[in-house]
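Have a look at start.txt; it's compact mmCIF, C-alpha atoms:
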# COMPACT_ATOMS: atom_id res chain seq x y z
CA MET A 24 -239.25 129.66 -128.61
CA ASN A 25 -242.20 127.97 -126.87
CA VAL A 26 -243.34 127.40 -123.31
CA ASP A 27 -243.03 123.77 -122.23
CA VAL A 28 -245.53 122.67 -119.59
CA LEU A 29 -244.98 120.18 -116.77
CA LEU A 30 -247.99 118.90 -114.85
CA GLY A 31 -249.43 115.96 -112.95
CA LEU A 32 -251.74 113.46 -114.63
CA GLN A 33 -253.34 111.99 -111.51
CA TRP A 34 -254.70 113.45 -108.25
CA GLY A 35 -251.52 115.34 -107.43
CA ASP A 36 -248.41 114.26 -105.50
CA GLU A 37 -246.92 112.68 -108.64
CA GLY A 38 -243.39 113.99 -108.03
CA LYS A 39 -243.47 117.13 -110.16
CA GLY A 40 -240.95 119.02 -108.03
CA LYS A 41 -238.17 116.51 -108.67
CA ILE A 42 -238.69 116.59 -112.43
CA VAL A 43 -238.75 120.39 -112.58
CA ASP A 44 -235.47 120.35 -110.66
CA VAL A 45 -234.03 117.79 -113.11
CA LEU A 46 -235.21 119.72 -116.18
CA ALA A 47 -234.40 123.22 -114.88
CA PRO A 48 -230.85 123.37 -116.34
CA GLN A 49 -232.44 123.24 -119.81
CA TYR A 50 -234.52 126.36 -119.12
CA GLN A 51 -233.84 129.98 -118.31
CA VAL A 52 -237.27 130.61 -116.81
CA VAL A 53 -239.40 128.38 -114.55
CA ALA A 54 -242.89 129.71 -113.78
CA ARG A 55 -245.67 128.44 -111.49
CA PHE A 56 -249.02 129.05 -113.22
CA GLN A 57 -251.74 128.04 -110.69
CA GLY A 58 -252.45 126.74 -107.22
CA GLY A 59 -251.01 128.01 -103.98
CA PRO A 60 -249.71 126.76 -100.64
CA ASN A 61 -251.91 123.67 -100.95
CA ALA A 62 -249.18 122.35 -103.26
CA GLY A 63 -246.16 120.51 -101.93
CA HIS A 64 -243.35 119.92 -104.42
CA THR A 65 -240.60 117.80 -102.87
CA LEU A 66 -236.97 117.96 -104.00
CA GLU A 67 -234.15 115.77 -102.69
CA PHE A 68 -230.49 116.37 -103.50
CA ASP A 69 -227.12 116.13 -101.76
CA GLY A 70 -228.79 114.24 -98.91
CA GLN A 71 -231.26 117.06 -98.21
CA LYS A 72 -235.03 117.16 -98.59
CA VAL A 73 -236.91 120.37 -99.37
CA VAL A 74 -240.66 120.89 -99.80
CA LEU A 75 -241.75 123.92 -101.84
CA HIS A 76 -245.30 125.21 -101.62
CA GLN A 77 -245.55 128.45 -103.58
CA ILE A 78 -242.02 128.92 -104.91
CA PRO A 79 -241.17 127.40 -108.32
CA SER A 80 -238.99 124.28 -108.22
CA GLY A 81 -236.22 125.88 -110.27
CA ILE A 82 -235.25 128.05 -107.30
CA PHE A 83 -232.07 126.09 -106.56
CA ARG A 84 -230.66 126.92 -110.00
CA ALA A 85 -229.09 130.38 -109.57
CA ASP A 86 -229.11 131.07 -113.31
CA VAL A 87 -232.85 130.35 -113.66
CA THR A 88 -235.45 133.11 -113.30
CA ASN A 89 -238.34 131.81 -111.18
CA ILE A 90 -241.77 133.39 -111.58
CA ILE A 91 -244.84 133.10 -109.36
CA GLY A 92 -247.44 133.71 -112.06
CA ASN A 93 -250.74 135.55 -112.07
CA GLY A 94 -252.72 132.30 -111.83
CA VAL A 95 -251.24 131.51 -108.41
CA VAL A 96 -252.90 132.44 -105.11
CA LEU A 97 -250.23 133.64 -102.69
CA ASP A 98 -250.24 133.57 -98.90
CA PRO A 99 -247.69 136.17 -97.69
CA ILE A 100 -247.28 134.45 -94.30
CA ILE A 101 -246.45 131.09 -95.81
CA PHE A 102 -244.29 132.77 -98.45
CA ARG A 103 -242.16 134.42 -95.77
CA LYS A 104 -241.76 131.16 -93.85
CA GLU A 105 -240.83 129.38 -97.05
CA ILE A 106 -238.17 131.93 -97.95
CA GLU A 107 -236.73 131.88 -94.44
CA GLY A 108 -236.63 128.10 -94.57
CA LEU A 109 -234.46 128.26 -97.68
CA ALA A 110 -231.92 130.59 -96.04
CA ARG A 111 -229.69 127.65 -95.12
CA PHE A 112 -228.90 127.14 -98.78
CA GLY A 113 -227.40 130.63 -99.06
CA GLY A 114 -227.87 133.21 -101.78
CA ASP A 115 -230.34 136.07 -102.15
CA LEU A 116 -233.53 134.69 -103.68
CA ARG A 117 -234.53 138.22 -104.66
CA GLN A 118 -232.05 137.83 -107.50
CA ASN A 119 -233.89 134.99 -109.25
CA LEU A 120 -237.45 135.05 -107.90
CA VAL A 121 -240.15 137.47 -109.06
CA ILE A 122 -243.87 137.63 -108.30
CA SER A 123 -246.73 138.65 -110.55
CA LYS A 124 -248.64 141.72 -109.41
CA LYS A 125 -251.77 139.98 -110.66
CA ALA A 126 -251.42 136.92 -108.39
CA ALA A 127 -254.31 136.76 -105.90
CA LEU A 128 -253.63 137.38 -102.21
CA ILE A 129 -254.73 134.90 -99.56
CA LEU A 130 -255.91 136.77 -96.46
CA PRO A 131 -256.19 135.29 -92.95
CA THR A 132 -259.98 135.38 -93.29
CA HIS A 133 -259.78 133.23 -96.42
CA ARG A 134 -258.36 130.46 -94.27
CA LEU A 135 -261.16 130.97 -91.72
CA LEU A 136 -263.77 130.79 -94.47
CA ASP A 137 -262.19 127.60 -95.77
CA ALA A 138 -262.53 125.99 -92.35
CA ALA A 139 -266.09 127.28 -91.89
CA TYR A 140 -267.22 125.87 -95.25
CA GLU A 141 -265.68 122.46 -94.52
CA GLN A 142 -267.20 122.37 -91.04
CA ALA A 143 -270.63 123.14 -92.47
CA LYS A 144 -270.37 120.30 -95.01
CA GLY A 145 -269.85 117.73 -92.27
CA ALA A 146 -269.55 114.23 -93.71
CA GLU A 147 -269.73 115.63 -97.25
CA LYS A 148 -266.64 117.81 -96.87
CA ILE A 149 -264.33 118.16 -99.86
CA GLY A 150 -261.13 117.39 -97.96
CA SER A 151 -259.69 120.89 -98.30
CA THR A 152 -256.14 121.59 -97.09
CA LEU A 153 -257.69 124.58 -95.25
CA LYS A 154 -255.13 126.96 -96.77
CA GLY A 155 -257.80 129.39 -98.00
CA ILE A 156 -257.35 128.46 -101.66
CA GLY A 157 -261.01 128.03 -102.61
CA PRO A 158 -262.28 131.22 -100.94
CA THR A 159 -259.44 133.22 -102.53
CA TYR A 160 -260.30 131.98 -106.02
CA THR A 161 -263.97 132.67 -105.23
CA ASP A 162 -263.17 136.30 -104.46
CA LYS A 163 -261.06 136.51 -107.61
CA VAL A 164 -263.88 135.24 -109.83
CA SER A 165 -266.47 137.44 -108.08
CA ARG A 166 -264.20 140.44 -108.75
CA GLN A 167 -263.72 141.50 -105.17
CA GLY A 168 -260.37 139.94 -104.27
CA LEU A 169 -257.03 141.57 -103.58
CA ARG A 170 -253.93 141.00 -105.68
CA VAL A 171 -250.23 141.20 -104.94
CA GLY A 172 -249.98 144.54 -106.73
CA ASP A 173 -252.47 146.01 -104.28
CA VAL A 174 -249.88 145.89 -101.48
CA LEU A 175 -248.13 148.79 -103.26
CA SER A 176 -251.27 150.93 -103.09
CA PRO A 177 -251.33 153.73 -100.47
CA ASN A 178 -254.84 152.64 -99.49
CA PHE A 179 -254.09 148.91 -99.28
CA LYS A 180 -255.29 148.64 -95.68
CA GLU A 181 -258.57 150.29 -96.60
CA LYS A 182 -259.09 147.74 -99.39
CA TYR A 183 -258.14 144.99 -96.99
CA ARG A 184 -260.65 146.09 -94.32
CA LYS A 185 -263.45 146.35 -96.85
CA LEU A 186 -262.96 142.75 -97.98
CA VAL A 187 -262.42 141.42 -94.46
CA ASP A 188 -265.66 143.03 -93.31
CA GLN A 189 -267.49 141.04 -96.00
CA HIS A 190 -265.75 137.87 -94.86
CA LYS A 191 -266.80 138.54 -91.26
CA GLN A 192 -270.44 138.71 -92.31
CA THR A 193 -270.13 135.28 -93.90
CA LEU A 194 -268.38 133.85 -90.84
CA ARG A 195 -271.22 135.16 -88.64
CA PHE A 196 -273.72 133.39 -90.89
CA TYR A 197 -271.86 130.11 -90.36
CA GLN A 198 -271.56 130.84 -86.61
CA PHE A 199 -267.87 130.14 -86.87
CA GLU A 200 -265.71 131.13 -83.90
CA TYR A 201 -262.28 132.61 -84.55
CA ASN A 202 -259.51 134.93 -83.31
CA LEU A 203 -258.24 137.13 -86.12
CA ALA A 204 -255.93 139.57 -84.30
CA GLU A 205 -252.83 137.37 -84.07
CA ALA A 206 -253.09 136.19 -87.68
CA GLU A 207 -253.54 139.77 -88.92
CA ALA A 208 -250.38 140.98 -87.19
CA GLY A 209 -248.34 138.28 -88.91
CA PHE A 210 -250.07 139.00 -92.20
CA PHE A 211 -249.11 142.67 -92.35
CA GLU A 212 -245.53 141.88 -91.33
CA ALA A 213 -245.40 139.31 -94.13
CA VAL A 214 -246.79 141.82 -96.62
CA GLU A 215 -243.89 144.18 -95.83
CA PHE A 216 -241.51 141.25 -96.39
CA LEU A 217 -243.24 140.44 -99.67
CA LYS A 218 -242.65 144.01 -100.87
CA THR A 219 -238.89 143.46 -100.71
CA PHE A 220 -239.16 141.08 -103.68
CA PRO A 221 -239.57 142.18 -107.31
CA LEU A 222 -243.30 142.53 -107.99
CA VAL A 223 -243.68 142.52 -111.76
CA ASP A 224 -246.04 142.38 -114.73
CA SER A 225 -245.05 138.78 -115.29
CA GLU A 226 -246.98 138.36 -118.54
CA TYR A 227 -244.56 140.82 -120.17
CA LEU A 228 -241.58 139.10 -118.57
CA VAL A 229 -242.59 135.67 -119.93
CA ASN A 230 -243.33 136.92 -123.42
CA GLU A 231 -240.12 138.94 -123.56
CA ALA A 232 -238.21 135.79 -122.62
CA LEU A 233 -239.88 133.95 -125.49
CA ALA A 234 -239.07 136.77 -127.90
CA ASP A 235 -235.44 136.52 -126.81
CA ASP A 236 -235.48 132.75 -127.49
CA LYS A 237 -235.14 131.88 -123.82
CA PRO A 238 -236.66 128.48 -122.99
CA VAL A 239 -239.51 128.67 -120.45
CA LEU A 240 -240.94 125.86 -118.31
CA ALA A 241 -244.43 126.26 -116.85
CA GLU A 242 -244.84 124.31 -113.60
CA GLY A 243 -248.28 123.07 -112.60
CA ALA A 244 -249.52 122.16 -109.14
CA GLN A 245 -251.97 119.51 -107.88
CA GLY A 246 -253.03 117.11 -110.68
CA SER A 247 -255.19 116.92 -113.79
CA LEU A 248 -257.88 114.85 -112.07
CA LEU A 249 -258.35 117.73 -109.62
CA ASP A 250 -259.06 120.25 -112.39
CA VAL A 251 -262.07 122.44 -111.60
CA ASP A 252 -263.70 121.63 -114.97
CA PHE A 253 -262.55 118.12 -115.81
CA GLY A 254 -261.67 116.59 -112.45
CA SER A 255 -263.88 114.50 -110.15
CA TYR A 256 -266.14 117.47 -109.36
CA PRO A 257 -266.96 118.66 -106.74
CA PHE A 258 -263.95 116.97 -105.13
CA VAL A 259 -261.51 119.15 -107.03
CA THR A 260 -259.25 122.15 -106.54
CA SER A 261 -260.35 125.67 -107.53
CA SER A 262 -258.07 126.26 -110.51
CA THR A 263 -257.31 124.93 -113.98
CA THR A 264 -254.64 122.29 -113.46
CA MET A 265 -254.56 121.30 -117.15
CA ALA A 266 -252.07 122.59 -119.73
CA ALA A 267 -254.63 125.24 -120.70
CA GLY A 268 -254.06 126.78 -117.27
CA ALA A 269 -250.54 127.75 -118.31
CA CYS A 270 -252.01 130.14 -120.88
CA THR A 271 -254.30 131.97 -118.49
CA GLY A 272 -251.98 131.57 -115.49
CA LEU A 273 -248.98 133.16 -117.21
CA GLY A 274 -250.42 135.20 -120.07
CA VAL A 275 -249.16 132.95 -122.84
CA ALA A 276 -250.93 132.48 -126.18
CA PRO A 277 -252.08 128.88 -126.89
CA GLY A 278 -249.86 128.74 -129.97
CA ARG A 279 -246.77 129.21 -127.80
CA ILE A 280 -247.22 125.94 -125.90
CA GLY A 281 -244.52 123.43 -126.83
CA ASP A 282 -243.89 120.09 -125.13
CA VAL A 283 -246.23 118.95 -122.38
CA PHE A 284 -244.54 116.73 -119.80
CA GLY A 285 -247.12 114.51 -118.08
CA ILE A 286 -246.05 113.10 -114.71
CA PHE A 287 -247.59 109.96 -113.23
CA LYS A 288 -246.75 107.45 -110.54
CA ALA A 289 -246.39 103.72 -111.18
CA TYR A 290 -249.49 103.48 -108.96
CA CYS A 291 -252.13 105.99 -107.79
CA THR A 292 -252.67 108.08 -104.68
CA ARG A 293 -255.22 110.62 -103.57
CA VAL A 294 -255.52 112.94 -100.55
CA GLY A 295 -258.87 113.98 -99.17
CA SER A 296 -262.35 112.98 -100.27
CA GLY A 297 -263.62 112.01 -103.71
CA PRO A 298 -263.86 108.99 -106.00
CA PHE A 299 -260.84 106.72 -106.43
CA PRO A 300 -261.75 103.63 -108.50
CA THR A 301 -258.57 101.61 -107.83
CA GLU A 302 -258.21 102.45 -104.14
CA LEU A 303 -256.93 99.56 -102.02
CA PHE A 304 -258.27 99.12 -98.50
CA ASP A 305 -256.20 96.05 -97.71
CA GLU A 306 -252.66 95.22 -96.67
CA THR A 307 -251.39 95.92 -100.19
CA GLY A 308 -252.64 99.51 -100.06
CA GLU A 309 -251.02 100.00 -96.65
CA ARG A 310 -247.79 98.53 -97.97
CA ILE A 311 -247.72 100.95 -100.90
CA ARG A 312 -248.32 103.82 -98.48
CA LYS A 313 -245.44 102.71 -96.26
CA GLU A 314 -242.97 101.97 -99.06
CA GLY A 315 -243.82 105.18 -100.90
CA ARG A 316 -243.86 107.39 -97.80
CA GLU A 317 -247.29 108.48 -98.94
CA PHE A 318 -248.12 111.22 -96.49
CA GLY A 319 -249.06 114.72 -97.63
CA SER A 320 -246.05 117.05 -97.86
CA THR A 321 -248.34 119.99 -97.07
CA THR A 322 -250.84 118.48 -94.62
CA GLY A 323 -249.10 115.31 -93.39
CA ARG A 324 -252.30 113.37 -94.03
CA PRO A 325 -251.92 109.71 -95.10
CA ARG A 326 -252.63 109.36 -98.80
CA ARG A 327 -255.11 106.86 -100.14
CA CYS A 328 -253.28 104.34 -102.32
CA GLY A 329 -254.25 102.07 -105.22
CA TRP A 330 -253.14 100.53 -108.49
CA LEU A 331 -252.49 102.47 -111.68
CA ASP A 332 -255.69 103.59 -113.43
CA LEU A 333 -255.31 103.66 -117.24
CA PRO A 334 -258.78 105.06 -118.15
CA ALA A 335 -258.13 108.06 -115.88
CA LEU A 336 -254.57 108.42 -117.14
CA LYS A 337 -255.63 108.31 -120.80
CA TYR A 338 -258.24 110.97 -120.06
CA ALA A 339 -255.63 113.30 -118.58
CA ILE A 340 -253.24 112.69 -121.48
CA LEU A 341 -256.00 113.48 -123.98
CA LEU A 342 -257.05 116.77 -122.40
CA ASN A 343 -253.50 118.01 -121.84
CA GLY A 344 -252.07 117.10 -125.23
CA VAL A 345 -249.18 115.36 -123.48
CA THR A 346 -246.10 114.83 -125.65
CA ARG A 347 -243.70 113.31 -123.08
CA LEU A 348 -244.50 110.96 -120.22
CA VAL A 349 -242.59 110.76 -116.95
CA MET A 350 -243.07 107.74 -114.68
CA MET A 351 -242.34 108.27 -110.98
CA LYS A 352 -241.80 106.08 -107.91
CA VAL A 353 -241.15 102.87 -109.80
CA ASP A 354 -238.87 101.84 -106.92
CA VAL A 355 -241.81 101.80 -104.48
CA LEU A 356 -243.01 98.59 -106.18
CA ASN A 357 -239.59 96.90 -106.12
CA ASP A 358 -240.57 94.16 -103.67
CA PHE A 359 -244.06 93.33 -104.97
CA GLY A 360 -244.53 89.84 -106.40
CA GLU A 361 -247.23 91.06 -108.78
CA ILE A 362 -248.36 94.42 -110.07
CA LYS A 363 -251.88 95.26 -111.20
CA VAL A 364 -253.11 97.84 -113.68
CA CYS A 365 -256.72 98.91 -114.22
CA THR A 366 -257.39 98.75 -117.96
CA HIS A 367 -261.20 99.23 -118.04
CA TYR A 368 -264.19 99.98 -115.83
CA HIS A 369 -267.31 97.87 -115.27
CA LEU A 370 -270.20 100.35 -115.13
CA PRO A 371 -273.29 99.88 -112.94
CA ASP A 372 -275.37 99.07 -116.05
CA GLY A 373 -273.12 96.10 -116.85
CA THR A 374 -271.19 97.65 -119.73
CA VAL A 375 -267.41 97.97 -119.90
CA THR A 376 -265.62 101.18 -120.85
CA GLU A 377 -262.19 102.75 -121.17
CA ARG A 378 -263.65 106.22 -120.64
CA LEU A 379 -263.92 108.22 -117.44
CA PRO A 380 -267.66 108.52 -116.68
CA TYR A 381 -269.32 111.84 -115.86
CA ASP A 382 -271.06 110.42 -112.79
CA LEU A 383 -268.03 108.82 -111.16
CA CYS A 384 -269.06 110.35 -107.84
CA ASP A 385 -272.64 109.03 -107.83
CA ALA A 386 -272.21 105.78 -109.77
CA PRO A 387 -269.06 103.97 -108.59
CA VAL A 388 -267.28 101.80 -111.15
CA GLU A 389 -265.57 98.46 -110.72
CA PRO A 390 -262.00 98.34 -112.09
CA VAL A 391 -260.94 95.59 -114.50
CA TYR A 392 -257.34 94.61 -113.79
CA GLN A 393 -254.47 93.10 -115.76
CA THR A 394 -251.75 91.50 -113.64
CA PHE A 395 -248.00 91.67 -114.28
CA GLU A 396 -245.03 89.92 -112.76
CA GLY A 397 -243.15 92.08 -110.25
CA TRP A 398 -239.43 92.74 -110.76
CA GLN A 399 -238.55 92.12 -107.09
CA THR A 400 -235.14 93.74 -107.20
CA ALA A 401 -233.59 97.06 -106.19
CA LEU A 402 -233.01 99.70 -108.86
CA ASP A 403 -230.22 101.59 -107.10
CA GLY A 404 -227.52 102.90 -109.39
CA LEU A 405 -229.35 102.12 -112.64
CA HIS A 406 -229.11 104.90 -115.24
CA SER A 407 -229.93 103.08 -118.47
CA TYR A 408 -233.15 101.52 -119.70
CA ASP A 409 -231.17 98.48 -120.84
CA GLU A 410 -230.20 97.81 -117.21
CA LEU A 411 -233.79 97.44 -116.02
CA PRO A 412 -235.00 94.00 -114.93
CA ALA A 413 -237.05 92.30 -117.65
CA PRO A 414 -240.41 92.38 -115.80
CA LEU A 415 -240.13 96.13 -115.29
CA ALA A 416 -239.20 96.67 -118.95
CA GLN A 417 -242.24 94.61 -119.95
CA TYR A 418 -244.46 96.69 -117.63
CA ILE A 419 -243.16 99.91 -119.19
CA ASP A 420 -243.59 98.56 -122.74
CA PHE A 421 -247.21 97.68 -121.94
CA LEU A 422 -247.89 101.17 -120.62
CA GLU A 423 -246.31 102.85 -123.64
CA GLU A 424 -248.39 100.73 -126.01
CA SER A 425 -251.59 101.34 -124.02
CA LEU A 426 -251.05 105.09 -123.69
CA GLY A 427 -249.69 105.65 -127.19
CA LEU A 428 -246.76 107.68 -125.93
CA PRO A 429 -243.14 106.99 -125.01
CA ILE A 430 -242.03 107.27 -121.40
CA HIS A 431 -239.01 109.57 -121.51
CA PHE A 432 -238.07 109.60 -117.82
CA ILE A 433 -238.26 106.81 -115.26
CA SER A 434 -237.63 107.81 -111.64
CA THR A 435 -235.97 105.07 -109.59
CA GLY A 436 -235.62 106.94 -106.27
CA PRO A 437 -236.25 110.29 -104.55
CA ASP A 438 -232.85 111.88 -105.27
CA ARG A 439 -232.46 114.05 -108.39
CA GLU A 440 -229.76 111.65 -109.66
CA ALA A 441 -232.00 108.57 -109.37
CA ILE A 442 -233.54 108.82 -112.81
CA ILE A 443 -233.31 107.15 -116.20
CA HIS A 444 -233.59 109.43 -119.22
CA ARG A 445 -234.84 107.33 -122.06
CA GLU A 446 -234.98 108.73 -125.58
CA ALA A 447 -237.74 106.28 -126.42
CA GLN A 448 -238.92 105.60 -129.94
CA ALA A 449 -242.37 106.75 -130.98
CA VAL A 450 -245.00 104.11 -130.25

This structure in structure tokens:
Amino acid sequence: MNVDVLLGLQWGDEGKGKIVDVLAPQYQVVARFQGGPNAGHTLEFDGQKVVLHQIPSGIFRADVTNIIGNGVVLDPIIFRKEIEGLARFGGDLRQNLVISKKAALILPTHRLLDAAYEQAKGAEKIGSTLKGIGPTYTDKVSRQGLRVGDVLSPNFKEKYRKLVDQHKQTLRFYQFEYNLAEAEAGFFEAVEFLKTFPLVDSEYLVNEALADDKPVLAEGAQGSLLDVDFGSYPFVTSSTTMAAGACTGLGVAPGRIGDVFGIFKAYCTRVGSGPFPTELFDETGERIRKEGREFGSTTGRPRRCGWLDLPALKYAILLNGVTRLVMMKVDVLNDFGEIKVCTHYHLPDGTVTERLPYDLCDAPVEPVYQTFEGWQTALDGLHSYDELPAPLAQYIDFLEESLGLPIHFISTGPDREAIIHREAQAV
């Protein structure tokens, strides 16, 4: 048995949570492999909307084991709030949710450092969610961070104070004002709450599941174009958002990776700073934002909106080894008379390329568009590809031919039932 991977192919917010929820019945284990509370995976079912930040999106399937993997950075305060927010759905989540002892802990001072760094950057700020993600990964890489397993240590508070004292020195350097006492009280209460959940060596748990032929789904956060190595650096997240991150974030050998589900929207969005070649600054961009309810599920910030970017999408598909494509939010474009797709870039030197340039931040590109007829009809109640309006079918056929992969799922609305599963032929 292999680990299938599900991840975003754009700048995040592609709709990964819904697809994990849809696919979860096919798996016995769903595991988050990177990111932290900066993620916001939205699920809608039975008329209810839920946003998950650190908890895997298979949590509403009682027979699925959900794992917060070692590659995740975990904020105990947000974790507690998230669990308490799910209480209305009933059930004891301790029965199907476990946490890796090797997951990094986000401390209150990590959030302060995040804010101090952004404040110091001024106009050149990254656009951080200010959840302490970057500073936590920094401590992890510099080998001084705390991990979930440390909360079981009798000298946990001593370890905590040692790290916090280092953080305070940095905050003094940045002349950043703060009040830590209130946040610390909530932190230690949340740590005690965290200890009531199974804290495990998750790498053994995942590999034992594979040995027992139990299907495993690895759930990614953010998006491929925010990857720390291959994204639009430095406007990226602090973890490996590519399929390779599932190996290091769960303790899985590369040879055990099976299908890679690549999720993308029928258009593009981005939150925060950084290059966005197809961004629309006009009425069309505002209309996409309104129709798509494009506001951050974690921060509430309005998302930047633009047309679909094929060079960027092909790049993400290449690096992830995607085997199955999933197209989200098709319904957002229902009322548009025409749809545009960026097929190439005009570079500053006058050449045209299909590749994502290294210097996208410093040398902006001009997108080359191809225009398609809009379908201008609602998609409610459609569950078969054959029912799709002809212009939409033509749009999908063009994308499959351009990307060299079939689109297996087409999402026609936010609810888990609003989806077309298409067993497409190889292209």

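Counting only C-alpha atoms and comparing A:Phe102, A:Trp398, A:Phe287, A:Tyr381, the residue that lies closest to Tyr418 of chain A is A:Trp398.
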
Which residue is closest to Asp403 of chain A? Choose from A:Leu273, A:Ala441, A:Leu130, A:Ala339 and count all atoms listed in the file.
A:Ala441

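A straight line drawn from atom CA of Val364 of chain A to atom CA of Thr394 of chain A is 6.5 Å long.
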
Rounded to one decimal in Å, what is the spacing between atom CA of Met351 of chain A and atom CA of Gln393 of chain A?
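Distance reported for this atom pair: 20.0 Å.
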
Using all atoms listed in the file for the distances, tell me which of A:Glu226, A:Asp235, A:Glu242, A:Asp305 is nearest to Ile78 of chain A.
A:Glu242

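Of the residues under consideration (A:Val239, A:Ile433, A:Val74, A:Leu128), A:Val239 shows the shortest atom-to-atom contact distance to Ala54 of chain A when counting all atoms listed in the file.
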
Suppose you want the space between atom CA of Asn25 of chain A and atom CA of Gly285 of chain A; what is it in Å?
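We find that atom CA of Asn25 of chain A and atom CA of Gly285 of chain A lie 16.8 Å from each other.
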
Excluding Asp137 of chain A and any residue of its chain fewer than 6 positions from it, enumerate the residues within 12 Å of it, using all atoms listed in the file, and give them as an MDAnalysis selection string.
chainID A and resid 129:131 143:144 148:161 190 193:194 197 199

Please provide as an mmCIF file with C-alpha atoms, keeping the file's coordinate frame all residues within 12 Å of Asp98 of chain A, with the sequence filter that same-chain residues fewer than 3 positions apart are discarded (counting all atoms listed in the file).
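Final file, part24.cif:
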data_model
loop_
_atom_site.group_PDB
_atom_site.id
_atom_site.type_symbol
_atom_site.label_atom_id
_atom_site.label_comp_id
_atom_site.auth_asym_id
_atom_site.auth_seq_id
_atom_site.Cartn_x
_atom_site.Cartn_y
_atom_site.Cartn_z
ATOM 1 C CA GLY A 58 -252.450 126.740 -107.220
ATOM 2 C CA GLY A 59 -251.010 128.010 -103.980
ATOM 3 C CA PRO A 60 -249.710 126.760 -100.640
ATOM 4 C CA ASN A 61 -251.910 123.670 -100.950
ATOM 5 C CA HIS A 76 -245.300 125.210 -101.620
ATOM 6 C CA GLN A 77 -245.550 128.450 -103.580
ATOM 7 C CA ILE A 78 -242.020 128.920 -104.910
ATOM 8 C CA ILE A 91 -244.840 133.100 -109.360
ATOM 9 C CA VAL A 95 -251.240 131.510 -108.410
ATOM 10 C CA ILE A 101 -246.450 131.090 -95.810
ATOM 11 C CA PHE A 102 -244.290 132.770 -98.450
ATOM 12 C CA ARG A 103 -242.160 134.420 -95.770
ATOM 13 C CA LYS A 104 -241.760 131.160 -93.850
ATOM 14 C CA GLU A 105 -240.830 129.380 -97.050
ATOM 15 C CA ALA A 126 -251.420 136.920 -108.390
ATOM 16 C CA ALA A 127 -254.310 136.760 -105.900
ATOM 17 C CA LEU A 128 -253.630 137.380 -102.210
ATOM 18 C CA ILE A 129 -254.730 134.900 -99.560
ATOM 19 C CA LEU A 130 -255.910 136.770 -96.460
ATOM 20 C CA PRO A 131 -256.190 135.290 -92.950
ATOM 21 C CA THR A 132 -259.980 135.380 -93.290
ATOM 22 C CA HIS A 133 -259.780 133.230 -96.420
ATOM 23 C CA ARG A 134 -258.360 130.460 -94.270
ATOM 24 C CA LYS A 154 -255.130 126.960 -96.770
ATOM 25 C CA GLY A 155 -257.800 129.390 -98.000
ATOM 26 C CA ILE A 156 -257.350 128.460 -101.660
ATOM 27 C CA THR A 159 -259.440 133.220 -102.530
ATOM 28 C CA LEU A 169 -257.030 141.570 -103.580
ATOM 29 C CA ARG A 170 -253.930 141.000 -105.680
ATOM 30 C CA VAL A 171 -250.230 141.200 -104.940
ATOM 31 C CA ALA A 206 -253.090 136.190 -87.680
ATOM 32 C CA GLY A 209 -248.340 138.280 -88.910
ATOM 33 C CA PHE A 210 -250.070 139.000 -92.200
ATOM 34 C CA PHE A 211 -249.110 142.670 -92.350
ATOM 35 C CA ALA A 213 -245.400 139.310 -94.130
ATOM 36 C CA VAL A 214 -246.790 141.820 -96.620
ATOM 37 C CA PHE A 216 -241.510 141.250 -96.390
ATOM 38 C CA LEU A 217 -243.240 140.440 -99.670
#

May I have the residues within 9 Å of segment 293-302 of chain A as a PyMOL selection string, using all atoms listed in the file and disregarding those fewer than 3 positions away in the same chain?
chain A and resi 33-36+147-152+255-259+308+318-319+324-332+364-365+368+383-385+387-390

Write a file of the just-selected residues containing C-alpha atoms, as a compact mmCIF listing (two decimals), in the coordinates of the input.
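Saved result, part32.txt, follows:
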# COMPACT_ATOMS: atom_id res chain seq x y z
CA GLN A 33 -253.34 111.99 -111.51
CA TRP A 34 -254.70 113.45 -108.25
CA GLY A 35 -251.52 115.34 -107.43
CA ASP A 36 -248.41 114.26 -105.50
CA GLU A 147 -269.73 115.63 -97.25
CA LYS A 148 -266.64 117.81 -96.87
CA ILE A 149 -264.33 118.16 -99.86
CA GLY A 150 -261.13 117.39 -97.96
CA SER A 151 -259.69 120.89 -98.30
CA THR A 152 -256.14 121.59 -97.09
CA SER A 255 -263.88 114.50 -110.15
CA TYR A 256 -266.14 117.47 -109.36
CA PRO A 257 -266.96 118.66 -106.74
CA PHE A 258 -263.95 116.97 -105.13
CA VAL A 259 -261.51 119.15 -107.03
CA GLY A 308 -252.64 99.51 -100.06
CA PHE A 318 -248.12 111.22 -96.49
CA GLY A 319 -249.06 114.72 -97.63
CA ARG A 324 -252.30 113.37 -94.03
CA PRO A 325 -251.92 109.71 -95.10
CA ARG A 326 -252.63 109.36 -98.80
CA ARG A 327 -255.11 106.86 -100.14
CA CYS A 328 -253.28 104.34 -102.32
CA GLY A 329 -254.25 102.07 -105.22
CA TRP A 330 -253.14 100.53 -108.49
CA LEU A 331 -252.49 102.47 -111.68
CA ASP A 332 -255.69 103.59 -113.43
CA VAL A 364 -253.11 97.84 -113.68
CA CYS A 365 -256.72 98.91 -114.22
CA TYR A 368 -264.19 99.98 -115.83
CA LEU A 383 -268.03 108.82 -111.16
CA CYS A 384 -269.06 110.35 -107.84
CA ASP A 385 -272.64 109.03 -107.83
CA PRO A 387 -269.06 103.97 -108.59
CA VAL A 388 -267.28 101.80 -111.15
CA GLU A 389 -265.57 98.46 -110.72
CA PRO A 390 -262.00 98.34 -112.09
